[in-house]
Amino acid sequence: MDRYNPKAMSIKEVLEALQRDPAFMENVTAWERLPAREARYADFPQHLDPRLISALRARGTAPLFIHQAAAVEAALSGENVVVVTGTASGKTLCYNLPVLQAALADSEARALYLFPTKALAQDQASALAEMLQTLDAVQQVPVRTYDGDTPSADRREVRDLARILITNPDMLHMGILPHHPSWATLFENLQWIVLDELHVYRGVFGSNVANLLRRLRRICHFYGSDPKFALTSATIANPRELAEKLIEAPVRLIPPDLDGSPRAEKHVILYNPPVIDAALGIRRAYTLEATRIAVRFLQADVQIAVFARARLTTEVLLGYVRDGVEDGGGDPQTIRGYRGGYLPLERREIEQGLREGIVRGVVATNALELGVDIGQLGAAVIAGYPGTIASLWQQAGRAGRRAEASAAVLVTSGAPLDQFVAANPRYLFENPPEHGLINPNNLAILLRHLRCAAFELPFAADENFGSFEELRELLDFLTEEGSLHRSNGNYRWMADAYPAEAVSLRTGENATVVIQDVSDGRPKVIGEVDRATAPILLHEGAVYTHEGRTHIVQRLDWEKAIAEVSPERVDYYTDASEAINLEIQQVYDADESLPARRAHGWAQITAQASSYRKVKRYTHETLGYGEIDLPPRQFETTAYWLWIGPQAVDRLEAEGVLIPPNDYGPDWSHARQAALERDEHHCRQCGAPEREGRSHDIHHIRPFRKYGYVPGENRNDREANQLENLVTLCPACHARAEAARGTRSALGGLAYSLRNIAPLFLMCDPRDIGELTETRSKETKGPTITLFDRAPEGLGLAERLYDLHDQLLEGALGLVRKCRCRDGCPACVGPVGPGGREVKALTAQLLEALLEGGAI
């Protein structure tokens with residue numbers, strides 16, 4: 001394949017050209033040059049095997065960096081270790097050396113390496129093989145990879161020979177622990193467990209893996225072994241806490257300030273797209289700006305990675321970048337996509353193309369941010385803040401791993417969190433505020449792993465499961481449902497099912513929906529999504545994009561969990577949303593001492609996807625709407641809610657800061673019913689019928705407030721509620737109509753800013769948090785904002801939000817004050833229409849009043 005090389009330039013020349021470009025520089029909010037850093041070395045640990053020292057010298061990796069020496073010394077003394085140093089800092093040696101020392105000293109010693117992805121596991125297997133070849137110990141210490149791609153004919157040999165077994169959590173869960181008798185030699189002699197990329201084990205995935213490790217240690221105990229752990233992580237605020245919660249044992253922390261590795265010069269640029277409407281604060285689309293910057297690097301023949309936050313954005317960007325390359329005379333096929341949902345062979349082909357230089361650019365999700373070997377990239381363009389600082393630095397680290405200099409450009413979107421980061425670069429370059437959170441005792445997750453553990457080994461009546469002690473009640477529950485049988489004081493698995501097969505580590509729910517291309521008559525699997533997001537991504541009529549190719553969902557079989565798609569070239573994508581209903585079930589803790597009151601507890605969520613819109617590529621105009629006919633999704637989870645005390649409400653309503661609930665007049669119920677009957681209880685926009693237990697909304701075409709109705713003084717409500725001014729809308733279309741109008745209050749502005757700033761502190765994806773704003777909540781009787789954990793049973797996010805209450809309010813106030821818009825915009829309080837020009841100021845007033853507390 002021909003290289004696209006109109007004018008090759010070095011990365012420094014490209015950066016110098018950018019610095020001379022005033023149109024580029026006026027949108028740069030920070031340009032940090034991270035200088036080259038000299039290496040800091042240490043003596044070899046006293047008890048390190050001389051054979052390993054000789055091998056390190058032969059391979060040119062001696063002496064050790066100070067963090068490597070500290071980690072190895074701690075590991076050799078029998079401690080669990082977590083290493084938190086930068087990208088390409090040589091973390092691999094921190095665990096390879098103690099593992100190899102054990103293997104050389106004891107011919108029966110075994111080690112288990114767990115990597116979050118198969119690709120990363122394969123890369124690390126190659127690195128180990130090279131070290132063993134230098135040691136002349138390839139036969140003495142067989143290394144084997146065991147994953148879904150391992151041929152069935154080779155699996156027995158792996159079980160029999162492997163002294164270092166490299167796998168991933170999913171394979172450990174599905175293919176090893178349930179069949180532990182076949183792996184008895186491994187478990188009897190297991191001395192080390194290596195857990196790479198600790199920071200990815202958070203949220204649902206981390207909570208599942210914590211329970212997987214409980215099962216692993218339980219089996220090790222059964223076979224008489226007690227392995228130590230070596231973990232590595234990107235920089236987060238609580239690496240020791242996360243590691244100890246994950247493995248339920250003390251760990252020795254090797255912190256970032258002990259990083260002794262050298263660093264090449266790196267330029268980190270924060271680019272905030274230009275404002276195209278100063279009053280509304282609307283900026284040029286970040287996807288288009290990221291495309292323009294990416295193409296600029298590609299035109300200089302700089303190999304790049306472009307990172308996007310979501311699958312849809314990845315595919316949209318891939319199309320944009322290919323278009324830009326083709327318009328410049330290049331070959332668009334040198335630009336590839338890379339994300340979850342691609343088949344393994346596709347990924348390996350793309351990785352090899354990057355290493356060989358055939359692929360000049362890759363547009364990827366965070367599936368590529370982990371340490372997969374993709375060779376030497378000159379630059380990374382990050383389209384939108386990726387949700388965590390750890391992910392940002394991982395993505396930035398994909399450029400310049402071996403280069404003299406490199407660049408990472410973060411192109412911020414108009415989202416509040418992006419704008420907060422653009423205005424406060426210190427959050428990126430100073431100590432991170434984000435915490436990795438897991439909840440291993442999440443009841444739904446715990447029960448699934450208890451089933452798996454009982455299948456693997458019977459439970460004794462007095463047994464604990466890791467640190468979870470109150471096990472009897474759960475075992476009795478599983479007995480009543482027919483999964484277990486109790487006899488002689490033990491609980492044994494008795495169901496026909498194979499429980500691990502039904503449990504996904506990556507989601508809070510077990511099920512996924514398989515995507516099949518049915519265009520050729522024979523169904524061909526091209527991807528899958530989890531069941532919770534299927535109503536939004538795979539409803540009938542949805543556009544599903546796979547490596548730049550658009551498909552239309554022809555049919556979604558909800559019962560069989562199959563989506564049938566056909567390829568079709570279209571110039572639009574689809575956007576669906578859910579209407580949320582929330583009921584508080586239990587209050588865990590509350591503080592009503594201040595005007596800004598807070599609580600957290602247990603809630604039931606009902607989510608209903610009812611409609612979608614078609615959005616034209618590039619212009620983003622709405623082309624039309626469609627109905628979604630799927631059952632509602634109901635689950636229970638944890639929630640944090642903030643509400644305003646009654647005295648403060650009276651004062652703030654009197655001052656015009658808060659808007660009291662609308663009084664639509666005495667005849668409103670009749671007018672509302674007339675509109676519903678005229679529209680036959682169907683949404684006038686998308687055609688969706690009403691669902692059981694939820695009536696459609698009635699929307700005023702001309703806003704009700706514009707009529708100036710004052711109860712007891714006039715009857716302007718009659719004109720406002722004329723049938724021709726009313727339209728029936730489903731909850732989703734009603735929300736879109738209000739958003740398009742720019743209808744927003746100070747309470748809505750506060751909710752918008754809180755929800756969007758919270759992920760900075762929680763180290764979670766913004767989509768992990770749901771939000772509901774109520775002018776009057778039936779729970780609190782006052783204006784209320786509820787933020788809830790979208791994972792069924794919760795993962796600890798709500799409790800953390802409760803603890804961060806004051807910091808969230810302070811952060812929201814800073815976001816609103818620093819935003820450069822005049823009246824409010826999507827970057828601070830949300831879109832504001834012509835009738836809401838005071839919303840930004842009112843939101844700031846509300847926040848100031850709540851933070852002043854007793855001053856109200």
# chains A, B, ... in the order shown; residues from 1 in each chain; ligands from 1

$ residues_around --residues "Asp591 of chain A" --least-positions-apart "3" --cutoff "10 Å" --atoms "only C-alpha atoms" --output "PyMOL selection string"
chain A and resi 594-600+642+802

$ write_last_selection --atoms "C-alpha atoms" --output "PDB file, in the first residue's frame"
ATOM      1  CA  LEU A 594     -28.004  23.632  56.057  1.00  0.00           C
ATOM      2  CA  PRO A 595     -30.134  25.104  53.258  1.00  0.00           C
ATOM      3  CA  ALA A 596     -28.349  22.806  50.769  1.00  0.00           C
ATOM      4  CA  ARG A 597     -29.554  19.539  52.276  1.00  0.00           C
ATOM      5  CA  ARG A 598     -28.196  16.171  51.243  1.00  0.00           C
ATOM      6  CA  ALA A 599     -28.909  12.460  51.545  1.00  0.00           C
ATOM      7  CA  HIS A 600     -27.980   9.148  49.977  1.00  0.00           C
ATOM      8  CA  LEU A 642     -29.558  17.408  47.137  1.00  0.00           C
ATOM      9  CA  TYR A 802     -22.597  12.509  49.418  1.00  0.00           C
TER      10      TYR A 802
END

$ residues_around --residues "Pro332 of chain A" --least-positions-apart "4" --cutoff "12 Å" --atoms "only C-alpha atoms" --output "list of chain:residue names"
A:Met1, A:Asp2, A:Arg3, A:Tyr4, A:Val295, A:Leu298, A:Leu318, A:Gly319, A:Tyr320, A:Val321, A:Arg322, A:Asp323, A:Gly324, A:Val325, A:Glu326, A:Asp327, A:Gly328, A:Arg336, A:Gly337, A:Ile358, A:Val359, A:Arg360, A:Gly361, A:Val362, A:Gly548

$ select_by_dssp --residues "segment 80-236 of chain A" --states "strand (DSSP E or B)" --output "list in words"
Val81, Val82, Val83, Val84, Arg110, Ala111, Leu112, Tyr113, Leu114, Val143, Arg144, Thr145, Ile164, Leu165, Ile166, Thr167, Leu190, Gln191, Trp192, Ile193, Val194, Leu195, Lys228, Phe229, Ala230, Leu231, Thr232 and Ser233 of chain A

$ residues_around --residues "Arg817 of chain A" --least-positions-apart "4" --cutoff "10 Å" --atoms "only C-alpha atoms" --output "PDB file with N, CA, C and O atoms, in the first residue's frame"
ATOM      1  N   GLY A 811     -17.079  23.334  42.930  1.00  0.00           N
ATOM      2  CA  GLY A 811     -16.649  23.102  41.555  1.00  0.00           C
ATOM      3  C   GLY A 811     -17.654  23.616  40.546  1.00  0.00           C
ATOM      4  O   GLY A 811     -17.291  24.193  39.518  1.00  0.00           O
ATOM      5  N   ALA A 812     -18.945  23.406  40.833  1.00  0.00           N
ATOM      6  CA  ALA A 812     -19.994  23.893  39.931  1.00  0.00           C
ATOM      7  C   ALA A 812     -19.978  25.414  39.853  1.00  0.00           C
ATOM      8  O   ALA A 812     -20.134  25.991  38.766  1.00  0.00           O
ATOM      9  N   LEU A 813     -19.783  26.083  40.992  1.00  0.00           N
ATOM     10  CA  LEU A 813     -19.723  27.540  40.986  1.00  0.00           C
ATOM     11  C   LEU A 813     -18.535  28.026  40.163  1.00  0.00           C
ATOM     12  O   LEU A 813     -18.648  28.987  39.375  1.00  0.00           O
ATOM     13  N   CYS A 821     -19.260  32.492  28.297  1.00  0.00           N
ATOM     14  CA  CYS A 821     -20.526  32.855  27.649  1.00  0.00           C
ATOM     15  C   CYS A 821     -21.209  33.976  28.424  1.00  0.00           C
ATOM     16  O   CYS A 821     -20.860  34.274  29.561  1.00  0.00           O
ATOM     17  N   CYS A 828     -21.693  25.225  30.625  1.00  0.00           N
ATOM     18  CA  CYS A 828     -21.812  25.564  32.048  1.00  0.00           C
ATOM     19  C   CYS A 828     -23.176  25.157  32.618  1.00  0.00           C
ATOM     20  O   CYS A 828     -23.260  24.207  33.385  1.00  0.00           O
ATOM     21  N   LYS A 840     -27.736  31.818  33.701  1.00  0.00           N
ATOM     22  CA  LYS A 840     -26.365  31.703  34.192  1.00  0.00           C
ATOM     23  C   LYS A 840     -26.179  32.500  35.486  1.00  0.00           C
ATOM     24  O   LYS A 840     -25.643  31.991  36.476  1.00  0.00           O
ATOM     25  N   ALA A 841     -26.630  33.753  35.470  1.00  0.00           N
ATOM     26  CA  ALA A 841     -26.496  34.599  36.660  1.00  0.00           C
ATOM     27  C   ALA A 841     -27.302  34.029  37.823  1.00  0.00           C
ATOM     28  O   ALA A 841     -26.838  34.022  38.974  1.00  0.00           O
ATOM     29  N   THR A 843     -28.133  30.868  38.312  1.00  0.00           N
ATOM     30  CA  THR A 843     -27.483  29.646  38.797  1.00  0.00           C
ATOM     31  C   THR A 843     -26.316  29.999  39.716  1.00  0.00           C
ATOM     32  O   THR A 843     -26.125  29.369  40.771  1.00  0.00           O
ATOM     33  N   ALA A 844     -25.544  31.007  39.321  1.00  0.00           N
ATOM     34  CA  ALA A 844     -24.435  31.453  40.174  1.00  0.00           C
ATOM     35  C   ALA A 844     -24.966  31.976  41.514  1.00  0.00           C
ATOM     36  O   ALA A 844     -24.402  31.672  42.573  1.00  0.00           O
TER      37      ALA A 844
END

$ residues_around --residues "segment 678-686 of chain A" --least-positions-apart "5" --cutoff "12 Å" --atoms "only C-alpha atoms" --output "VMD selection string"
chain A and resid 576 609 to 614 624 to 629 671 to 673 691 to 692 694 to 699 723 to 724 726 to 737

$ write_last_selection --atoms "C-alpha atoms" --output "short mmCIF file (atom, residue, chain, number, x, y, z; two decimals), in the first residue's frame"
data_model
loop_
_atom_site.label_atom_id
_atom_site.label_comp_id
_atom_site.auth_asym_id
_atom_site.auth_seq_id
_atom_site.Cartn_x
_atom_site.Cartn_y
_atom_site.Cartn_z
CA ALA A 576 -32.03 8.02 21.25
CA ALA A 609 -36.61 4.54 25.59
CA SER A 610 -39.52 5.68 23.46
CA SER A 611 -38.17 7.71 20.52
CA TYR A 612 -35.11 8.66 18.53
CA ARG A 613 -34.08 11.34 16.08
CA LYS A 614 -32.06 11.22 12.86
CA GLY A 624 -36.79 13.34 11.56
CA TYR A 625 -37.99 11.19 14.45
CA GLY A 626 -38.92 7.58 15.04
CA GLU A 627 -40.66 5.48 17.67
CA ILE A 628 -38.95 2.88 19.88
CA ASP A 629 -41.24 0.05 20.91
CA ALA A 671 -57.44 21.05 28.51
CA ARG A 672 -54.81 18.38 29.03
CA GLN A 673 -57.30 15.55 28.54
CA ARG A 691 -46.84 3.18 28.14
CA GLU A 692 -48.48 1.50 31.07
CA ARG A 694 -46.89 6.76 32.40
CA SER A 695 -49.06 9.25 30.57
CA HIS A 696 -47.62 11.39 27.80
CA ASP A 697 -46.81 15.06 28.48
CA ILE A 698 -48.67 18.05 27.11
CA HIS A 699 -46.40 20.73 25.73
CA LEU A 723 -56.17 23.28 22.10
CA GLU A 724 -54.23 24.68 19.15
CA LEU A 726 -51.10 22.21 23.01
CA VAL A 727 -49.33 19.17 21.63
CA THR A 728 -48.93 15.64 23.03
CA LEU A 729 -45.32 14.51 23.39
CA CYS A 730 -43.70 11.42 24.87
CA PRO A 731 -41.26 12.13 27.73
CA ALA A 732 -38.21 11.85 25.48
CA CYS A 733 -39.58 14.18 22.78
CA HIS A 734 -40.83 16.58 25.46
CA ALA A 735 -37.33 16.77 26.94
CA ARG A 736 -35.90 17.47 23.48
CA ALA A 737 -38.52 20.17 22.85
#

$ select_by_dssp --residues "segment 177-288 of chain A" --states "helix (DSSP H, G or I)" --output "JSON, numbers by chain"
{"A": [177, 178, 179, 180, 181, 182, 183, 184, 185, 186, 187, 188, 198, 199, 200, 203, 204, 205, 206, 207, 208, 209, 210, 211, 212, 213, 214, 215, 216, 217, 218, 219, 220, 221, 222, 223, 239, 240, 241, 242, 243, 244, 245, 246, 247, 256, 257, 258, 286, 287, 288]}

$ write_last_selection --atoms "N, CA and C atoms" --output "compact mmCIF listing (two decimals), in the first residue's frame"
# COMPACT_ATOMS: atom_id res chain seq x y z
N LEU A 177 -11.08 -21.26 36.42
CA LEU A 177 -11.60 -21.54 37.76
C LEU A 177 -12.69 -22.62 37.76
N PRO A 178 -13.63 -22.61 36.81
CA PRO A 178 -14.66 -23.67 36.85
C PRO A 178 -14.08 -25.06 36.60
N HIS A 179 -12.87 -25.12 36.02
CA HIS A 179 -12.25 -26.41 35.70
C HIS A 179 -10.96 -26.59 36.49
N HIS A 180 -10.95 -26.11 37.73
CA HIS A 180 -9.70 -26.07 38.51
C HIS A 180 -9.05 -27.44 38.72
N PRO A 181 -9.79 -28.57 38.77
CA PRO A 181 -9.07 -29.85 38.92
C PRO A 181 -8.06 -30.09 37.79
N SER A 182 -8.37 -29.59 36.60
CA SER A 182 -7.44 -29.75 35.48
C SER A 182 -6.21 -28.85 35.63
N TRP A 183 -6.33 -27.86 36.51
CA TRP A 183 -5.23 -26.91 36.73
C TRP A 183 -4.63 -27.08 38.12
N ALA A 184 -4.75 -28.27 38.70
CA ALA A 184 -4.32 -28.50 40.08
C ALA A 184 -2.86 -28.15 40.28
N THR A 185 -1.99 -28.51 39.32
CA THR A 185 -0.56 -28.22 39.47
C THR A 185 -0.31 -26.72 39.57
N LEU A 186 -1.04 -25.94 38.78
CA LEU A 186 -0.90 -24.48 38.84
C LEU A 186 -1.28 -23.97 40.22
N PHE A 187 -2.44 -24.37 40.71
CA PHE A 187 -2.93 -23.82 41.98
C PHE A 187 -2.15 -24.33 43.19
N GLU A 188 -1.63 -25.53 43.12
CA GLU A 188 -0.84 -26.07 44.23
C GLU A 188 0.48 -25.30 44.40
N LEU A 198 -4.00 -1.71 36.85
CA LEU A 198 -4.93 -1.69 37.99
C LEU A 198 -6.04 -0.67 37.82
N HIS A 199 -5.72 0.50 37.28
CA HIS A 199 -6.69 1.59 37.21
C HIS A 199 -7.92 1.26 36.36
N VAL A 200 -7.83 0.26 35.48
CA VAL A 200 -9.01 -0.09 34.69
C VAL A 200 -9.98 -0.95 35.50
N GLY A 203 -15.30 0.53 38.97
CA GLY A 203 -16.69 0.44 38.55
C GLY A 203 -17.17 -1.00 38.49
N VAL A 204 -18.01 -1.29 37.51
CA VAL A 204 -18.59 -2.64 37.37
C VAL A 204 -17.50 -3.67 37.12
N PHE A 205 -16.59 -3.37 36.19
CA PHE A 205 -15.54 -4.32 35.85
C PHE A 205 -14.68 -4.62 37.08
N GLY A 206 -14.25 -3.59 37.79
CA GLY A 206 -13.43 -3.79 38.98
C GLY A 206 -14.15 -4.56 40.07
N SER A 207 -15.44 -4.28 40.25
CA SER A 207 -16.21 -4.98 41.27
C SER A 207 -16.35 -6.46 40.93
N ASN A 208 -16.51 -6.76 39.65
CA ASN A 208 -16.55 -8.16 39.21
C ASN A 208 -15.20 -8.83 39.42
N VAL A 209 -14.11 -8.13 39.06
CA VAL A 209 -12.79 -8.73 39.18
C VAL A 209 -12.43 -8.95 40.65
N ALA A 210 -12.84 -8.06 41.54
CA ALA A 210 -12.59 -8.26 42.98
C ALA A 210 -13.23 -9.57 43.44
N ASN A 211 -14.42 -9.87 42.97
CA ASN A 211 -15.07 -11.14 43.32
C ASN A 211 -14.41 -12.32 42.62
N LEU A 212 -13.92 -12.10 41.42
CA LEU A 212 -13.17 -13.15 40.72
C LEU A 212 -11.91 -13.51 41.51
N LEU A 213 -11.24 -12.49 42.08
CA LEU A 213 -10.04 -12.75 42.88
C LEU A 213 -10.39 -13.44 44.20
N ARG A 214 -11.57 -13.16 44.74
CA ARG A 214 -12.03 -13.92 45.91
C ARG A 214 -12.15 -15.41 45.56
N ARG A 215 -12.70 -15.69 44.41
CA ARG A 215 -12.83 -17.08 43.97
C ARG A 215 -11.46 -17.71 43.74
N LEU A 216 -10.55 -16.93 43.14
CA LEU A 216 -9.21 -17.44 42.86
C LEU A 216 -8.47 -17.77 44.16
N ARG A 217 -8.53 -16.87 45.14
CA ARG A 217 -7.82 -17.11 46.40
C ARG A 217 -8.46 -18.27 47.17
N ARG A 218 -9.77 -18.42 47.02
CA ARG A 218 -10.46 -19.54 47.68
C ARG A 218 -9.96 -20.87 47.12
N ILE A 219 -9.79 -20.94 45.82
CA ILE A 219 -9.29 -22.18 45.19
C ILE A 219 -7.82 -22.40 45.56
N CYS A 220 -7.04 -21.31 45.57
CA CYS A 220 -5.63 -21.45 45.99
C CYS A 220 -5.54 -22.02 47.41
N HIS A 221 -6.39 -21.53 48.31
CA HIS A 221 -6.40 -22.02 49.69
C HIS A 221 -6.77 -23.51 49.73
N PHE A 222 -7.69 -23.89 48.88
CA PHE A 222 -8.09 -25.30 48.80
C PHE A 222 -6.91 -26.18 48.41
N TYR A 223 -6.05 -25.66 47.51
CA TYR A 223 -4.90 -26.45 47.05
C TYR A 223 -3.65 -26.20 47.88
N PRO A 239 -4.35 4.66 44.61
CA PRO A 239 -3.91 3.35 44.10
C PRO A 239 -3.80 2.29 45.19
N ARG A 240 -3.27 2.68 46.37
CA ARG A 240 -3.15 1.68 47.44
C ARG A 240 -4.53 1.23 47.89
N GLU A 241 -5.44 2.18 48.09
CA GLU A 241 -6.79 1.84 48.54
C GLU A 241 -7.48 0.92 47.55
N LEU A 242 -7.37 1.24 46.25
CA LEU A 242 -8.01 0.41 45.23
C LEU A 242 -7.39 -0.98 45.20
N ALA A 243 -6.06 -1.04 45.26
CA ALA A 243 -5.38 -2.34 45.23
C ALA A 243 -5.78 -3.19 46.43
N GLU A 244 -5.81 -2.58 47.61
CA GLU A 244 -6.14 -3.35 48.82
C GLU A 244 -7.60 -3.79 48.82
N LYS A 245 -8.47 -2.97 48.23
CA LYS A 245 -9.87 -3.38 48.16
C LYS A 245 -10.06 -4.49 47.13
N LEU A 246 -9.22 -4.47 46.11
CA LEU A 246 -9.33 -5.47 45.05
C LEU A 246 -8.82 -6.83 45.51
N ILE A 247 -7.67 -6.85 46.19
CA ILE A 247 -7.09 -8.14 46.59
C ILE A 247 -7.34 -8.47 48.06
N PRO A 256 4.41 7.56 42.20
CA PRO A 256 4.92 8.22 40.99
C PRO A 256 6.19 9.03 41.22
N ASP A 257 6.34 9.63 42.41
CA ASP A 257 7.54 10.45 42.62
C ASP A 257 8.81 9.62 42.74
N LEU A 258 8.67 8.30 42.75
CA LEU A 258 9.83 7.41 42.76
C LEU A 258 10.18 6.93 41.34
N TYR A 286 -16.15 19.83 18.14
CA TYR A 286 -14.82 19.31 18.49
C TYR A 286 -14.41 18.18 17.56
N THR A 287 -15.37 17.44 17.03
CA THR A 287 -15.03 16.36 16.10
C THR A 287 -14.41 16.91 14.81
N LEU A 288 -14.96 18.04 14.34
CA LEU A 288 -14.41 18.64 13.13
C LEU A 288 -13.03 19.24 13.40

$ closest_residue --among "A:Val529, A:Thr232, A:Gly175, A:Val363" --to "Pro499 of chain A" --atoms "only C-alpha atoms"
A:Gly175

$ atom_distance --atom1 "atom CA of Lys91 of chain A" --atom2 "atom CA of Ile193 of chain A"
15.0 Å

$ atom_distance --atom1 "atom CA of Pro35 of chain A" --atom2 "atom CA of Glu265 of chain A"
4.8 Å

$ residues_around --residues "segment 379-386 of chain A" --least-positions-apart "3" --cutoff "8 Å" --atoms "only C-alpha atoms" --output "number ranges by chain"
A: 11, 286-287, 290, 293-294, 297, 302-309, 389, 391-392, 395-396, 398-400, 406-413, 417-418

$ write_last_selection --atoms "C-alpha atoms" --output "PDB file, in the first residue's frame"
ATOM      1  CA  ILE A  11       7.163  16.262  14.804  1.00  0.00           C
ATOM      2  CA  TYR A 286     -14.820  19.310  18.489  1.00  0.00           C
ATOM      3  CA  THR A 287     -15.025  16.355  16.096  1.00  0.00           C
ATOM      4  CA  ALA A 290      -9.968  17.104  15.930  1.00  0.00           C
ATOM      5  CA  ILE A 293      -5.676  18.766  13.507  1.00  0.00           C
ATOM      6  CA  ALA A 294      -5.309  15.036  12.778  1.00  0.00           C
ATOM      7  CA  PHE A 297      -0.292  15.771  11.252  1.00  0.00           C
ATOM      8  CA  VAL A 302       3.361  11.919  11.191  1.00  0.00           C
ATOM      9  CA  GLN A 303       1.791   8.645  12.263  1.00  0.00           C
ATOM     10  CA  ILE A 304      -1.028   9.360  14.718  1.00  0.00           C
ATOM     11  CA  ALA A 305      -3.744   7.925  16.914  1.00  0.00           C
ATOM     12  CA  VAL A 306      -7.052   9.746  17.283  1.00  0.00           C
ATOM     13  CA  PHE A 307      -8.986   8.808  20.397  1.00  0.00           C
ATOM     14  CA  ALA A 308     -12.740   9.174  20.797  1.00  0.00           C
ATOM     15  CA  ARG A 309     -14.933   8.593  23.826  1.00  0.00           C
ATOM     16  CA  ILE A 389      -7.134  11.892  33.909  1.00  0.00           C
ATOM     17  CA  SER A 391      -7.161   7.627  30.602  1.00  0.00           C
ATOM     18  CA  LEU A 392      -5.987  10.979  29.248  1.00  0.00           C
ATOM     19  CA  GLN A 395      -3.875   7.930  25.534  1.00  0.00           C
ATOM     20  CA  ALA A 396      -1.274  10.705  25.437  1.00  0.00           C
ATOM     21  CA  ARG A 398       0.606   6.149  23.051  1.00  0.00           C
ATOM     22  CA  ALA A 399       2.633   8.826  21.243  1.00  0.00           C
ATOM     23  CA  GLY A 400       6.369   9.054  21.752  1.00  0.00           C
ATOM     24  CA  SER A 406       6.028  13.671  20.667  1.00  0.00           C
ATOM     25  CA  ALA A 407       2.783  15.585  20.946  1.00  0.00           C
ATOM     26  CA  ALA A 408      -0.589  14.994  22.525  1.00  0.00           C
ATOM     27  CA  VAL A 409      -3.452  17.355  21.653  1.00  0.00           C
ATOM     28  CA  LEU A 410      -6.615  17.294  23.753  1.00  0.00           C
ATOM     29  CA  VAL A 411      -9.440  18.852  21.733  1.00  0.00           C
ATOM     30  CA  THR A 412     -12.113  19.707  24.271  1.00  0.00           C
ATOM     31  CA  SER A 413     -15.777  19.397  23.440  1.00  0.00           C
ATOM     32  CA  LEU A 417     -16.434  18.654  32.093  1.00  0.00           C
ATOM     33  CA  ASP A 418     -14.314  19.378  29.015  1.00  0.00           C
TER      34      ASP A 418
END

$ atom_distance --atom1 "atom CA of Ala69 of chain A" --atom2 "atom CA of Asp43 of chain A"
7.2 Å

$ closest_residue --among "A:Ala70, A:Leu772, A:Ala111, A:Ile445" --to "Asn189 of chain A" --atoms "only C-alpha atoms"
A:Ala111

$ residues_around --residues "Asn488 of chain A" --least-positions-apart "6" --cutoff "12 Å" --atoms "only C-alpha atoms" --output "list of chain:residue names"
A:Pro458, A:Phe459, A:Ala460, A:Ala461

$ write_last_selection --atoms "C-alpha atoms" --output "PDB file, in the first residue's frame"
ATOM      1  CA  PRO A 458     -18.908 -26.387  48.066  1.00  0.00           C
ATOM      2  CA  PHE A 459     -19.361 -23.699  50.726  1.00  0.00           C
ATOM      3  CA  ALA A 460     -19.104 -24.571  54.403  1.00  0.00           C
ATOM      4  CA  ALA A 461     -21.871 -23.053  56.523  1.00  0.00           C
TER       5      ALA A 461
END
